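entry_22.cif, holding mmCIF, C-alpha atoms and all ligand atoms:
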data_input
#
loop_
_atom_site.label_atom_id
_atom_site.label_comp_id
_atom_site.auth_asym_id
_atom_site.auth_seq_id
_atom_site.Cartn_x
_atom_site.Cartn_y
_atom_site.Cartn_z
CA MET F 263 -6.33 -17.56 7.08
CA SER F 264 -9.61 -18.90 8.40
CA ILE F 265 -11.17 -17.09 11.29
CA ALA F 266 -14.79 -17.53 12.17
CA ALA F 267 -16.67 -14.33 11.47
CA ASP F 268 -18.11 -14.29 14.98
CA ASN F 269 -14.61 -14.22 16.47
CA ILE F 270 -13.33 -11.10 14.83
CA ASP F 271 -14.70 -8.82 17.53
CA ARG F 272 -12.56 -10.49 20.17
CA TRP F 273 -9.08 -9.10 19.83
CA THR F 274 -6.51 -7.59 22.15
CA VAL F 275 -3.96 -4.91 21.26
CA VAL F 276 -0.35 -6.11 21.03
CA ASP F 277 1.36 -3.05 19.55
CA THR F 278 0.69 0.29 17.89
CA LEU F 279 2.10 0.29 14.36
CA ARG F 280 0.92 3.81 13.64
CA GLU F 281 -0.77 6.38 15.85
CA GLY F 282 -3.95 7.78 14.34
CA GLY F 283 -4.71 11.48 13.99
CA GLY F 284 -5.49 14.09 11.34
CA THR F 285 -6.13 12.18 8.11
CA ARG F 286 -4.23 9.06 9.33
CA ALA F 287 -5.89 5.87 10.47
CA ARG F 288 -4.81 4.16 13.68
CA VAL F 289 -2.95 0.96 12.80
CA LEU F 290 -2.67 -1.67 15.54
CA LYS F 291 -1.14 -5.11 15.76
CA VAL F 292 -3.74 -7.23 17.55
CA LYS F 293 -4.14 -10.75 18.80
CA LEU F 294 -7.10 -12.51 17.25
CA GLY F 295 -7.58 -15.95 18.73
CA ASP F 296 -4.11 -17.44 18.51
CA ARG F 297 -3.08 -15.34 15.50
CA ASP F 298 -1.61 -11.89 15.06
CA ALA F 299 -3.54 -9.51 12.83
CA VAL F 300 -3.61 -5.84 11.89
CA LEU F 301 -6.52 -3.56 12.72
CA LYS F 302 -6.62 -0.42 10.57
CA ASP F 303 -9.18 1.91 12.06
CA HIS F 304 -10.20 5.21 10.50
CA ALA F 305 -12.05 6.07 13.70
CA GLY F 306 -8.53 7.04 14.83
CA CYS F 307 -8.53 10.01 12.41
CA ASP F 308 -9.92 13.41 13.40
CA PRO F 309 -13.69 13.10 14.06
CA LEU F 310 -15.09 14.94 11.02
CA PHE F 311 -12.64 13.28 8.60
CA SER F 312 -13.32 9.92 10.18
CA MET F 313 -17.11 10.36 9.96
CA LEU F 314 -17.19 11.57 6.33
CA LEU F 315 -14.35 9.66 4.71
CA GLY F 316 -13.60 6.78 7.12
CA PRO F 317 -16.28 4.41 5.72
CA ILE F 318 -15.26 5.14 2.11
CA LEU F 319 -11.56 4.54 2.78
CA ALA F 320 -12.18 1.34 4.76
CA ARG F 321 -14.50 0.05 2.01
CA ARG F 322 -11.98 0.81 -0.76
CA GLU F 323 -9.09 -0.88 1.02
CA SER F 324 -11.24 -3.92 1.87
CA LYS F 325 -12.32 -4.19 -1.75
CA ALA F 326 -8.69 -4.03 -2.92
CA LEU F 327 -7.59 -6.73 -0.46
CA ARG F 328 -10.47 -8.93 -1.58
CA CYS F 329 -9.47 -8.51 -5.25
CA LEU F 330 -5.88 -9.37 -4.32
CA SER F 331 -6.58 -12.40 -2.13
CA SER F 332 -4.62 -14.68 -4.46
CA VAL F 333 -1.51 -12.46 -4.59
CA ASP F 334 1.32 -13.55 -2.28
CA GLY F 335 2.71 -10.68 -0.22
CA VAL F 336 -0.57 -8.77 0.04
CA PRO F 337 -2.39 -9.15 3.39
CA LEU F 338 -5.53 -11.25 3.37
CA LEU F 339 -8.63 -9.43 4.47
CA ILE F 340 -9.99 -11.02 7.63
CA GLY F 341 -13.05 -8.81 7.79
CA ARG F 342 -14.57 -5.40 8.32
CA ARG F 343 -15.13 -4.16 11.81
CA GLY F 344 -17.89 -1.59 11.87
CA SER F 345 -17.97 0.83 8.96
CA ARG F 346 -14.55 2.41 9.44
CA ALA F 347 -12.15 -0.39 10.32
CA LEU F 348 -10.75 -3.52 8.75
CA LEU F 349 -8.81 -6.48 10.04
CA MET F 350 -6.12 -8.05 7.91
CA GLU F 351 -3.33 -10.57 8.03
CA TRP F 352 -0.19 -9.43 9.90
CA PHE F 353 3.24 -9.85 8.31
CA SER F 354 6.37 -10.17 10.40
CA ALA F 355 8.28 -7.62 8.33
CA VAL F 356 9.63 -4.07 8.44
CA PRO F 357 9.54 -1.11 6.03
CA PHE F 358 12.25 -1.98 3.51
CA LYS F 359 14.23 1.23 4.00
CA THR F 360 15.18 0.12 7.53
CA LEU F 361 17.10 -2.98 6.41
CA GLN F 362 20.78 -2.83 5.41
CA ARG F 363 21.62 -5.61 2.96
CA ASP F 364 24.02 -6.27 0.08
CA THR F 365 23.37 -5.96 -3.65
CA GLU F 366 22.64 -9.69 -4.13
CA PHE F 367 19.88 -9.50 -1.49
CA TRP F 368 18.27 -6.47 -3.14
CA LYS F 369 18.62 -7.99 -6.61
CA ARG F 370 16.48 -10.98 -5.59
CA TYR F 371 14.15 -8.74 -3.59
CA PHE F 372 13.40 -6.44 -6.52
CA ILE F 373 12.75 -9.35 -8.89
CA VAL F 374 10.06 -10.58 -6.50
CA LEU F 375 8.76 -7.06 -5.88
CA GLU F 376 8.33 -6.52 -9.64
CA GLN F 377 6.55 -9.89 -9.96
CA THR F 378 4.27 -9.07 -7.03
CA LEU F 379 3.43 -5.69 -8.54
CA ALA F 380 2.67 -7.31 -11.92
CA ALA F 381 0.30 -9.75 -10.17
CA ILE F 382 -1.42 -6.86 -8.38
CA HIS F 383 -1.93 -5.04 -11.69
CA GLN F 384 -3.14 -8.26 -13.35
CA SER F 385 -5.80 -8.48 -10.64
CA GLY F 386 -7.10 -5.07 -11.64
CA VAL F 387 -5.63 -2.90 -8.87
CA ALA F 388 -2.97 -0.16 -9.06
CA HIS F 389 -1.47 0.69 -5.65
CA CYS F 390 -0.81 4.44 -6.26
CA ASP F 391 1.24 5.02 -3.08
CA LEU F 392 4.41 3.00 -3.52
CA ARG F 393 6.62 6.04 -3.18
CA SER F 394 5.86 6.02 0.50
CA LEU F 395 8.75 4.11 2.04
CA ASN F 396 6.43 2.64 4.67
CA ASN F 397 4.21 0.68 2.32
CA VAL F 398 6.76 -1.83 1.02
CA LEU F 399 7.92 -4.28 3.68
CA VAL F 400 10.68 -6.88 3.86
CA ASN F 401 11.80 -9.58 6.27
CA ASP F 402 15.22 -11.18 6.86
CA HIS F 403 14.53 -13.79 4.17
CA GLY F 404 14.01 -11.06 1.58
CA GLU F 405 10.29 -11.73 1.21
CA VAL F 406 8.19 -8.94 -0.28
CA PHE F 407 5.06 -7.50 1.33
CA ILE F 408 2.96 -4.61 0.07
CA VAL F 409 0.47 -2.89 2.37
CA ASP F 410 -1.77 0.18 2.46
CA PHE F 411 -4.11 0.05 -0.54
CA VAL F 412 -6.21 2.95 0.66
CA ALA F 413 -5.20 5.21 -2.28
CA CYS F 414 -5.53 2.47 -4.92
CA CYS F 415 -7.19 2.72 -8.33
CA PHE F 416 -9.33 -0.08 -9.79
CA LYS F 417 -9.32 -1.12 -13.44
CA GLY F 418 -12.43 0.15 -15.18
CA ARG F 419 -14.94 -1.96 -17.08
CA ARG F 420 -14.09 -3.15 -20.60
CA TRP F 421 -16.16 -0.43 -22.28
CA ASN F 422 -14.76 2.38 -20.15
CA LEU F 423 -11.74 3.28 -22.26
CA LEU F 424 -10.92 6.47 -20.36
CA SER F 425 -10.89 4.73 -16.99
CA ARG F 426 -8.76 1.92 -18.48
CA ALA F 427 -6.26 4.45 -19.82
CA VAL F 428 -6.05 6.13 -16.41
CA PHE F 429 -5.55 2.72 -14.79
CA ARG F 430 -2.65 1.94 -17.16
CA ARG F 431 -1.04 5.25 -16.26
CA PHE F 432 -1.31 4.49 -12.54
CA CYS F 433 0.27 1.07 -13.18
CA ARG F 434 3.15 2.82 -14.89
CA ALA F 435 3.46 5.26 -11.98
CA ASP F 436 3.66 2.21 -9.63
CA ARG F 437 6.48 0.74 -11.72
CA ASP F 438 8.31 4.08 -11.67
CA ALA F 439 7.87 4.23 -7.90
CA VAL F 440 9.57 0.83 -7.61
CA LEU F 441 12.51 2.17 -9.64
CA LYS F 442 12.70 5.05 -7.19
CA LEU F 443 12.79 2.58 -4.28
CA LYS F 444 15.55 0.65 -6.04
CA GLN F 445 17.48 3.88 -6.48
CA GLN F 446 17.39 4.39 -2.71
CA VAL F 447 18.83 1.05 -1.58
CA ALA F 448 20.70 -0.38 -4.58
CA PRO F 449 21.21 2.20 -7.35
CA GLU F 450 23.84 -0.10 -8.88
CA LEU F 451 21.00 -2.41 -9.96
CA LEU F 452 19.43 0.20 -12.23
CA SER F 453 20.02 -0.28 -15.96
CA ASP F 454 20.78 2.71 -18.22
CA GLU F 455 17.22 2.54 -19.48
CA GLN F 456 15.88 2.65 -15.93
CA TRP F 457 18.08 5.66 -15.04
CA ASN F 458 16.72 7.34 -18.11
CA ARG F 459 13.17 6.51 -17.10
CA LEU F 460 13.79 7.99 -13.64
CA LYS F 461 15.05 11.21 -15.18
CA HIS F 462 11.89 11.50 -17.24
CA VAL F 463 9.20 10.49 -14.79
CA GLY F 464 6.11 11.51 -16.69
CA TRP F 465 3.78 14.43 -16.15
CA PHE F 466 1.06 11.96 -15.13
CA ALA F 467 3.00 10.54 -12.18
CA ARG F 468 4.01 14.03 -11.06
CA GLY F 469 0.44 15.33 -11.50
CA ALA F 470 -1.07 12.35 -9.65
CA ARG F 471 1.38 12.81 -6.78
CA ASN F 472 0.67 16.54 -6.52
CA ALA F 473 -3.09 15.92 -6.73
CA GLY F 474 -2.76 13.36 -3.91
CA LYS F 475 -0.84 15.85 -1.77
CA LEU F 476 -3.39 18.58 -2.51
CA ILE F 477 -6.34 16.33 -1.60
CA ARG F 478 -4.64 15.32 1.66
CA ARG F 479 -3.83 18.96 2.49
CA LEU F 480 -7.37 20.13 1.70
CA SER F 481 -8.87 17.30 3.76
CA ARG F 482 -6.61 18.28 6.62
CA ILE F 483 -7.62 21.93 6.43
CA LEU F 484 -11.35 21.30 5.96
CA LEU F 485 -11.97 18.15 7.95
CA THR F 486 -9.53 18.11 10.84
CA ARG F 487 -8.90 20.38 13.77
N1 LIG C 1 -0.50 -6.19 7.26
C1 LIG C 1 0.54 -5.63 7.87
N2 LIG C 1 1.52 -6.39 8.43
C2 LIG C 1 2.56 -5.81 9.08
N3 LIG C 1 2.71 -4.48 9.23
C3 LIG C 1 1.78 -3.68 8.69
C4 LIG C 1 0.65 -4.20 7.99
N4 LIG C 1 -0.12 -3.16 7.58
C5 LIG C 1 0.50 -2.05 8.00
N5 LIG C 1 1.64 -2.35 8.66
C6 LIG C 1 2.58 -1.39 9.27
O1 LIG C 1 1.86 -0.27 9.73
C7 LIG C 1 2.31 0.92 9.05
C8 LIG C 1 1.13 1.84 8.79
O2 LIG C 1 0.15 1.18 8.01
P1 LIG C 1 -0.47 1.86 6.69
O3 LIG C 1 0.63 2.19 5.75
O4 LIG C 1 -1.54 0.95 6.21
O5 LIG C 1 -1.12 3.17 7.29
P2 LIG C 1 -0.87 4.70 6.89
O6 LIG C 1 -1.92 5.49 7.54
O7 LIG C 1 -0.73 4.84 5.43
O8 LIG C 1 0.52 5.00 7.53
P3 LIG C 1 1.77 5.69 6.82
O9 LIG C 1 1.35 7.06 6.45
O10 LIG C 1 2.84 5.60 7.87
O11 LIG C 1 2.08 4.86 5.59
C9 LIG C 1 2.99 0.40 7.78
O12 LIG C 1 3.98 1.30 7.36
C10 LIG C 1 3.59 -0.90 8.23
O13 LIG C 1 4.85 -0.70 8.83
MG MG C 2 1.08 3.75 4.46
#

Translate this file's structure into C-alpha cells.
Ligand SMILES: Nc1ncnc2c1ncn2[C@@H]1O[C@H](COP(=O)(O)OP(=O)(O)OP(=O)(O)O)[C@@H](O)[C@H]1O
Ligand SMILES: [Mg+2]
Amino acid sequence: MSIAADNIDRWTVVDTLREGGGTRARVLKVKLGDRDAVLKDHAGCDPLFSMLLGPILARRESKALRCLSSVDGVPLLIGRRGSRALLMEWFSAVPFKTLQRDTEFWKRYFIVLEQTLAAIHQSGVAHCDLRSLNNVLVNDHGEVFIVDFVACCFKGRRWNLLSRAVFRRFCRADRDAVLKLKQQVAPELLSDEQWNRLKHVGWFARGARNAGKLIRRLSRILLTR
C-alpha cells in the first residue's frame, strides 16, 4: 500500500469497529484517499491511561507491524498519527467465530492460519493474544487475517538467552491458542496429540494469561475512572 506521508492526516470516518474507553483503544474504519484503512487510537482510552500508556502501546504495535510487513494476512502499517494512534491496512473480513462453515473450509483455513503464525514467529514476533476471538479474522474465501499486536512479545537479541527462552514460550502459547480456536469451530480436526496438548496447556501459558488479566485489571483500577 503506498500512501504519501503527507496524506495520512486527511481521512474520514466510515465505521466504528470498536468503541474506545477504559483500557481499550478506539478502532475506526476510515477512508484515506480512495482506500479504506483502520485507525487505532489510544486517545480513545480513559485520559490517564491514554496519556501514560497510549504512546507505548501505539509504538509497540507499529513496531510489530513494521517487522511483519512481509507476512500475508497481517495489516501493513500506513503510519503513525500523533504519538497515540496508528493507521493500518483494512481487511474486508470478520472475526472468525462469526462465520458458520463446514469442516473442509476450516481444514484449509487452519492450515493457512498455522503457516501465517509460523511466518510471524519467524519474523521475531509472538502475538500473545490469539485466545481473543476478535483478533483472528476470516473472509468468505477462507483467507486468514491476524490483527491486534498490542500485547506482542519481540524475540530478544542473540546473546539474551533468557529473553529468547521467554519468546519461545510465547510462540508455543500462540500455537496452543490456535488449537483452542480450532476446538471452537471444528473440534473434529484435532488429532489425539492436539487434544492431549489442550488438556495439558502449560503453566507458562496459564501464568502469562493470568498476568495479562492482572495487568489489565490493575491498569483499569489505577489509570481509568
Ligand atoms: N486491520 C483491520 N482490518 C479489519 N478489521 C480490523 C482491523 N484491525 C482491527 N479490526 C477490527 O476491529 C476490532 C478491534 O480491533 P483490535 O483487536 O485491534 O482492538 P482491541 O482494543 O483489542 O479490541 P478487542 O478487545 O475487541 O479485541 C477487531 O476485533 C477487528 O474486528
Ligand atoms: Mg483485539

Item to check | Shell around stretch 313-327 of chain F at 9 Å using only C-alpha atoms, local window under 2 positions removed, as number ranges by chain | outcome: F: 287, 302-305, 307-311, 329-331, 336-339, 341-342, 344-350, 386-387, 410-416, 485

Any chance you could tabulate, as a tab-separated table, the residues of chain F at most 9 Å from ligand LIG 1 (chain C) with each one's nearest atom pair and distance in Å to one decimal, using only C-alpha atoms and all ligand atoms, in chain and rising number order?
residue	atom	partner	partner_atom	distance
F:Thr278	CA	C:LIG1	O1	8.3
F:Leu279	CA	C:LIG1	O1	4.7
F:Arg280	CA	C:LIG1	C8	5.2
F:Glu281	CA	C:LIG1	O6	8.4
F:Gly282	CA	C:LIG1	O6	7.5
F:Thr285	CA	C:LIG1	O6	7.9
F:Arg286	CA	C:LIG1	O6	4.6
F:Ala287	CA	C:LIG1	O6	4.9
F:Arg288	CA	C:LIG1	O6	6.9
F:Val289	CA	C:LIG1	O2	5.7
F:Leu290	CA	C:LIG1	O1	7.5
F:Lys291	CA	C:LIG1	N3	7.6
F:Ala299	CA	C:LIG1	N1	7.2
F:Val300	CA	C:LIG1	N1	5.6
F:Leu301	CA	C:LIG1	N4	8.2
F:Lys302	CA	C:LIG1	O4	6.8
F:His304	CA	C:LIG1	O6	8.8
F:Val336	CA	C:LIG1	N1	7.7
F:Pro337	CA	C:LIG1	N1	5.2
F:Leu338	CA	C:LIG1	N1	8.1
F:Leu349	CA	C:LIG1	N1	8.8
F:Met350	CA	C:LIG1	N1	6.0
F:Glu351	CA	C:LIG1	N1	5.3
F:Trp352	CA	C:LIG1	N2	3.8
F:Phe353	CA	C:LIG1	N2	3.9
F:Ser354	CA	C:LIG1	C2	5.9
F:Ala355	CA	C:LIG1	C2	6.0
F:Val356	CA	C:LIG1	O13	5.9
F:Pro357	CA	C:LIG1	O13	5.5
F:Asp391	CA	C:LIG1	O11	8.7
F:Ser394	CA	C:LIG1	O11	6.4
F:Leu395	CA	C:LIG1	O11	7.6
F:Asn396	CA	C:LIG1	O12	3.9
F:Asn397	CA	C:LIG1	O12	5.1
F:Val398	CA	C:LIG1	O12	7.6
F:Leu399	CA	C:LIG1	O13	7.0
F:Phe407	CA	C:LIG1	N2	8.0
F:Ile408	CA	C:LIG1	N1	8.1
F:Val409	CA	C:LIG1	N4	5.3
F:Asp410	CA	C:LIG1	O4	3.8
F:Phe411	CA	C:LIG1	O4	7.3
F:Val412	CA	C:LIG1	O7	7.5
F:Ala413	CA	C:LIG1	O7	8.9

Checklist entry - How many Å lie between atom CA of F:Thr274 and atom CA of F:Asp334, rounded to one decimal? => result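 Atom-to-atom, atom CA of F:Thr274 and atom CA of F:Asp334 are spaced 26.3 Å apart.
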
Checklist entry - If you measure from atom CA of F:Val374 to atom CA of F:Val400, what distance in Å do you get, rounded to one decimal? => result 11.0 Å

Item to check | atom CA of F:Asn401 to atom CA of F:Trp368, straight-line distance in Å | outcome: 11.8 Å

Next on the checklist: Could you check the closest approach to ligand MG 2 (chain C) for each of F:Leu443, F:Val292, F:Leu424, F:Cys390 and tell me which residue wins, using only C-alpha atoms and all ligand atoms?
Outcome noted: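 Closest to ligand MG 2 (chain C) of all the choices is F:Cys390.
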